[in-house]
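One file, coords_8.pdb, is given below (PDB, N, CA and C atoms).
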```pdb
ATOM      1  N   MET A 616      -8.052  -5.864  14.552
ATOM      2  CA  MET A 616      -9.009  -6.883  14.186
ATOM      3  C   MET A 616     -10.100  -6.306  13.277
ATOM      4  N   THR A 617     -10.617  -5.134  13.640
ATOM      5  CA  THR A 617     -11.675  -4.511  12.853
ATOM      6  C   THR A 617     -11.198  -4.174  11.455
ATOM      7  N   GLU A 618      -9.943  -3.693  11.367
ATOM      8  CA  GLU A 618      -9.401  -3.343  10.054
ATOM      9  C   GLU A 618      -9.319  -4.563   9.150
ATOM     10  N   THR A 619      -8.970  -5.687   9.714
ATOM     11  CA  THR A 619      -8.870  -6.927   8.941
ATOM     12  C   THR A 619     -10.240  -7.341   8.406
ATOM     13  N   ILE A 620     -11.242  -7.235   9.234
ATOM     14  CA  ILE A 620     -12.596  -7.593   8.811
ATOM     15  C   ILE A 620     -13.071  -6.656   7.713
ATOM     16  N   LEU A 621     -12.851  -5.350   7.885
ATOM     17  CA  LEU A 621     -13.275  -4.384   6.884
ATOM     18  C   LEU A 621     -12.518  -4.563   5.572
ATOM     19  N   LEU A 622     -11.230  -4.830   5.656
ATOM     20  CA  LEU A 622     -10.438  -5.055   4.444
ATOM     21  C   LEU A 622     -10.890  -6.320   3.725
ATOM     22  N   THR A 623     -11.201  -7.351   4.464
ATOM     23  CA  THR A 623     -11.699  -8.588   3.866
ATOM     24  C   THR A 623     -13.056  -8.366   3.200
ATOM     25  N   LEU A 624     -13.931  -7.636   3.853
ATOM     26  CA  LEU A 624     -15.235  -7.320   3.271
ATOM     27  C   LEU A 624     -15.075  -6.502   2.002
ATOM     28  N   TYR A 625     -14.198  -5.508   2.026
ATOM     29  CA  TYR A 625     -13.937  -4.700   0.835
ATOM     30  C   TYR A 625     -13.419  -5.569  -0.306
ATOM     31  N   ALA A 626     -12.474  -6.448  -0.005
ATOM     32  CA  ALA A 626     -11.896  -7.309  -1.035
ATOM     33  C   ALA A 626     -12.961  -8.234  -1.634
ATOM     34  N   LEU A 627     -13.838  -8.768  -0.820
ATOM     35  CA  LEU A 627     -14.885  -9.654  -1.326
ATOM     36  C   LEU A 627     -15.851  -8.918  -2.246
ATOM     37  N   VAL A 628     -16.250  -7.710  -1.856
ATOM     38  CA  VAL A 628     -17.159  -6.930  -2.688
ATOM     39  C   VAL A 628     -16.481  -6.556  -4.005
ATOM     40  N   ALA A 629     -15.237  -6.091  -3.929
ATOM     41  CA  ALA A 629     -14.516  -5.709  -5.142
ATOM     42  C   ALA A 629     -14.310  -6.902  -6.064
ATOM     43  N   LEU A 630     -13.956  -8.043  -5.519
ATOM     44  CA  LEU A 630     -13.752  -9.236  -6.346
ATOM     45  C   LEU A 630     -15.053  -9.724  -6.973
ATOM     46  N   LEU A 631     -16.148  -9.611  -6.243
ATOM     47  CA  LEU A 631     -17.444 -10.000  -6.795
ATOM     48  C   LEU A 631     -17.763  -9.170  -8.037
ATOM     49  N   PHE A 632     -17.609  -7.861  -7.938
ATOM     50  CA  PHE A 632     -17.927  -7.004  -9.075
ATOM     51  C   PHE A 632     -16.888  -7.112 -10.178
ATOM     52  N   LEU A 633     -15.632  -7.367  -9.831
ATOM     53  CA  LEU A 633     -14.615  -7.623 -10.857
ATOM     54  C   LEU A 633     -14.987  -8.859 -11.668
ATOM     55  N   GLU A 634     -15.389  -9.901 -10.974
ATOM     56  CA  GLU A 634     -15.740 -11.151 -11.653
ATOM     57  C   GLU A 634     -16.946 -10.969 -12.557
ATOM     58  N   MET A 635     -17.956 -10.231 -12.074
ATOM     59  CA  MET A 635     -19.151 -10.008 -12.882
ATOM     60  C   MET A 635     -18.829  -9.178 -14.124
ATOM     61  N   THR A 636     -18.014  -8.147 -13.954
ATOM     62  CA  THR A 636     -17.646  -7.307 -15.091
ATOM     63  C   THR A 636     -16.798  -8.082 -16.083
ATOM     64  N   TYR A 637     -15.897  -8.909 -15.588
ATOM     65  CA  TYR A 637     -15.054  -9.716 -16.465
ATOM     66  C   TYR A 637     -15.903 -10.690 -17.296
ATOM     67  N   ARG A 638     -16.860 -11.346 -16.643
ATOM     68  CA  ARG A 638     -17.723 -12.295 -17.368
ATOM     69  C   ARG A 638     -18.595 -11.606 -18.403
ATOM     70  N   GLU A 639     -19.107 -10.420 -18.066
ATOM     71  CA  GLU A 639     -19.903  -9.674 -19.040
ATOM     72  C   GLU A 639     -19.077  -9.334 -20.269
ATOM     73  N   GLY A 640     -17.822  -8.968 -20.052
ATOM     74  CA  GLY A 640     -16.935  -8.663 -21.176
ATOM     75  C   GLY A 640     -16.628  -9.886 -22.018
ATOM     76  N   GLU A 641     -16.489 -11.026 -21.380
ATOM     77  CA  GLU A 641     -16.202 -12.260 -22.110
ATOM     78  C   GLU A 641     -17.404 -12.709 -22.938
ATOM     79  N   MET A 642     -18.610 -12.442 -22.451
ATOM     80  CA  MET A 642     -19.807 -12.866 -23.163
ATOM     81  C   MET A 642     -20.207 -11.897 -24.274
ATOM     82  N   SER A 643     -19.583 -10.722 -24.313
ATOM     83  CA  SER A 643     -19.945  -9.763 -25.354
ATOM     84  C   SER A 643     -19.455 -10.261 -26.707
ATOM     85  N   LEU A 644     -20.029  -9.728 -27.757
ATOM     86  CA  LEU A 644     -19.650 -10.149 -29.107
ATOM     87  C   LEU A 644     -18.241  -9.701 -29.464
ATOM     88  N   ALA A 645     -17.826  -8.547 -28.944
ATOM     89  CA  ALA A 645     -16.478  -8.046 -29.260
ATOM     90  C   ALA A 645     -15.417  -8.922 -28.599
ATOM     91  N   GLY A 646     -15.568  -9.175 -27.297
ATOM     92  CA  GLY A 646     -14.672 -10.077 -26.597
ATOM     93  C   GLY A 646     -13.251  -9.578 -26.447
ATOM     94  N   GLY A 647     -12.946  -8.389 -26.929
ATOM     95  CA  GLY A 647     -11.582  -7.876 -26.839
ATOM     96  C   GLY A 647     -11.369  -7.018 -25.603
ATOM     97  N   TRP A 648     -10.124  -6.644 -25.401
ATOM     98  CA  TRP A 648      -9.770  -5.815 -24.262
ATOM     99  C   TRP A 648      -9.653  -4.362 -24.716
ATOM    100  N   ASP A 649     -10.783  -3.683 -24.867
ATOM    101  CA  ASP A 649     -10.740  -2.278 -25.237
ATOM    102  C   ASP A 649     -10.602  -1.424 -23.973
ATOM    103  N   ILE A 650     -10.456  -0.134 -24.161
ATOM    104  CA  ILE A 650     -10.214   0.767 -23.038
ATOM    105  C   ILE A 650     -11.410   0.816 -22.083
ATOM    106  N   MET A 651     -12.603   0.727 -22.610
ATOM    107  CA  MET A 651     -13.783   0.787 -21.750
ATOM    108  C   MET A 651     -13.879  -0.431 -20.823
ATOM    109  N   ARG A 652     -13.455  -1.572 -21.308
ATOM    110  CA  ARG A 652     -13.482  -2.768 -20.467
ATOM    111  C   ARG A 652     -12.445  -2.669 -19.352
ATOM    112  N   VAL A 653     -11.274  -2.166 -19.671
ATOM    113  CA  VAL A 653     -10.227  -1.995 -18.657
ATOM    114  C   VAL A 653     -10.659  -0.965 -17.618
ATOM    115  N   VAL A 654     -11.242   0.144 -18.071
ATOM    116  CA  VAL A 654     -11.716   1.175 -17.139
ATOM    117  C   VAL A 654     -12.825   0.616 -16.250
ATOM    118  N   GLY A 655     -13.714  -0.171 -16.804
ATOM    119  CA  GLY A 655     -14.769  -0.794 -16.009
ATOM    120  C   GLY A 655     -14.211  -1.689 -14.918
ATOM    121  N   LEU A 656     -13.180  -2.437 -15.231
ATOM    122  CA  LEU A 656     -12.553  -3.292 -14.221
ATOM    123  C   LEU A 656     -11.863  -2.457 -13.144
ATOM    124  N   LEU A 657     -11.247  -1.355 -13.536
ATOM    125  CA  LEU A 657     -10.607  -0.481 -12.546
ATOM    126  C   LEU A 657     -11.638   0.192 -11.647
ATOM    127  N   TYR A 658     -12.776   0.569 -12.202
ATOM    128  CA  TYR A 658     -13.844   1.167 -11.393
ATOM    129  C   TYR A 658     -14.394   0.168 -10.380
ATOM    130  N   CYS A 659     -14.354  -1.097 -10.702
ATOM    131  CA  CYS A 659     -14.814  -2.112  -9.742
ATOM    132  C   CYS A 659     -13.961  -2.087  -8.480
ATOM    133  N   LEU A 660     -12.711  -1.704  -8.618
ATOM    134  CA  LEU A 660     -11.831  -1.602  -7.455
ATOM    135  C   LEU A 660     -12.016  -0.287  -6.707
ATOM    136  N   ALA A 661     -12.440   0.755  -7.410
ATOM    137  CA  ALA A 661     -12.476   2.093  -6.820
ATOM    138  C   ALA A 661     -13.795   2.431  -6.126
ATOM    139  N   TRP A 662     -14.931   1.951  -6.631
ATOM    140  CA  TRP A 662     -16.197   2.440  -6.091
ATOM    141  C   TRP A 662     -16.427   2.084  -4.622
ATOM    142  N   PRO A 663     -15.990   0.929  -4.117
ATOM    143  CA  PRO A 663     -16.205   0.694  -2.676
ATOM    144  C   PRO A 663     -15.446   1.700  -1.811
ATOM    145  N   LEU A 664     -14.295   2.173  -2.280
ATOM    146  CA  LEU A 664     -13.550   3.180  -1.527
ATOM    147  C   LEU A 664     -14.327   4.492  -1.464
ATOM    148  N   LEU A 665     -15.030   4.828  -2.525
ATOM    149  CA  LEU A 665     -15.833   6.043  -2.521
ATOM    150  C   LEU A 665     -16.978   5.951  -1.516
ATOM    151  N   ILE A 666     -17.576   4.790  -1.401
ATOM    152  CA  ILE A 666     -18.656   4.597  -0.433
ATOM    153  C   ILE A 666     -18.118   4.747   0.987
ATOM    154  N   VAL A 667     -16.948   4.190   1.253
ATOM    155  CA  VAL A 667     -16.331   4.321   2.574
ATOM    156  C   VAL A 667     -16.017   5.785   2.861
ATOM    157  N   HIS A 668     -15.474   6.492   1.879
ATOM    158  CA  HIS A 668     -15.133   7.900   2.058
ATOM    159  C   HIS A 668     -16.379   8.731   2.378
ATOM    160  N   VAL A 669     -17.442   8.546   1.628
ATOM    161  CA  VAL A 669     -18.677   9.296   1.868
ATOM    162  C   VAL A 669     -19.253   8.957   3.241
ATOM    163  N   SER A 670     -19.182   7.710   3.643
ATOM    164  CA  SER A 670     -19.693   7.315   4.958
ATOM    165  C   SER A 670     -18.902   7.975   6.080
ATOM    166  N   ILE A 671     -17.597   8.033   5.947
ATOM    167  CA  ILE A 671     -16.753   8.655   6.973
ATOM    168  C   ILE A 671     -17.030  10.151   7.059
ATOM    169  N   VAL A 672     -17.119  10.813   5.922
ATOM    170  CA  VAL A 672     -17.397  12.249   5.917
ATOM    171  C   VAL A 672     -18.769  12.539   6.523
ATOM    172  N   ALA A 673     -19.770  11.748   6.195
ATOM    173  CA  ALA A 673     -21.111  11.942   6.749
ATOM    174  C   ALA A 673     -21.113  11.704   8.262
ATOM    175  N   TYR A 674     -20.384  10.706   8.706
ATOM    176  CA  TYR A 674     -20.302  10.410  10.143
ATOM    177  C   TYR A 674     -19.642  11.555  10.886
ATOM    178  N   ARG A 675     -18.527  12.062  10.347
ATOM    179  CA  ARG A 675     -17.827  13.178  10.983
ATOM    180  C   ARG A 675     -18.705  14.429  11.028
ATOM    181  N   ASP A 676     -19.416  14.690   9.941
ATOM    182  CA  ASP A 676     -20.265  15.876   9.872
ATOM    183  C   ASP A 676     -21.416  15.780  10.866
ATOM    184  N   ARG A 677     -21.980  14.608  10.993
ATOM    185  CA  ARG A 677     -23.098  14.424  11.908
ATOM    186  C   ARG A 677     -22.658  14.613  13.368
ATOM    187  N   HIS A 678     -21.458  14.122  13.708
ATOM    188  CA  HIS A 678     -20.994  14.201  15.094
ATOM    189  C   HIS A 678     -20.266  15.506  15.407
ATOM    190  N   ALA A 679     -19.993  16.321  14.408
ATOM    191  CA  ALA A 679     -19.340  17.606  14.630
ATOM    192  C   ALA A 679     -20.343  18.661  15.079
ATOM    193  N   ARG A 680     -21.596  18.428  14.897
ATOM    194  CA  ARG A 680     -22.630  19.424  15.250
ATOM    195  C   ARG A 680     -23.023  19.331  16.683
TER     196      ARG A 680
END
```
Output the structure of this file as structure tokens.
Amino acid sequence: MTETILLTLYALVALLFLEMTYREGEMSLAGGWDIMRVVGLLYCLAWPLLIVHVSIVAYRDRHAR
């Protein structure tokens, strides 16, 4: 049950930032799909995982002492 809630929360956060990045790209004057725009969209999927990873490592380190 907890995994489902966490996965849903992750998906909502990632989709929110994907949507914002996509709209910013559409409103730009270039409007094309260059490499920086694609990388920005991919980073929207990756950064929440980094936050989870850092939180887990910090939790383990704190309780290992």
Separation of atom C of A:Glu639 from atom N of A:Tyr658 in Å: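 Interatomic distance, atom N of A:Tyr658 to atom C of A:Glu639: 14.2 Å.
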Distance of atom CA of A:Leu633 from atom CA of A:Leu656, expressed in Å to one decimal place: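 It comes out at 5.9 Å.
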In Å, how far is it from atom CA of A:Thr619 to atom CA of A:Asp676? 25.5 Å
Alpha helix (DSSP H) residues, from DSSP on the backbone, in stretch 627-658 of chain A, as a PyMOL selection string: chain A and resi 627-642+650-658
Using only N, CA and C atoms, can you tell me which of A:Cys659, A:Val672, A:Val654, A:Arg677 comes closest to A:Leu630?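 Residue with the minimum atom-to-atom distance to A:Leu630: A:Cys659.
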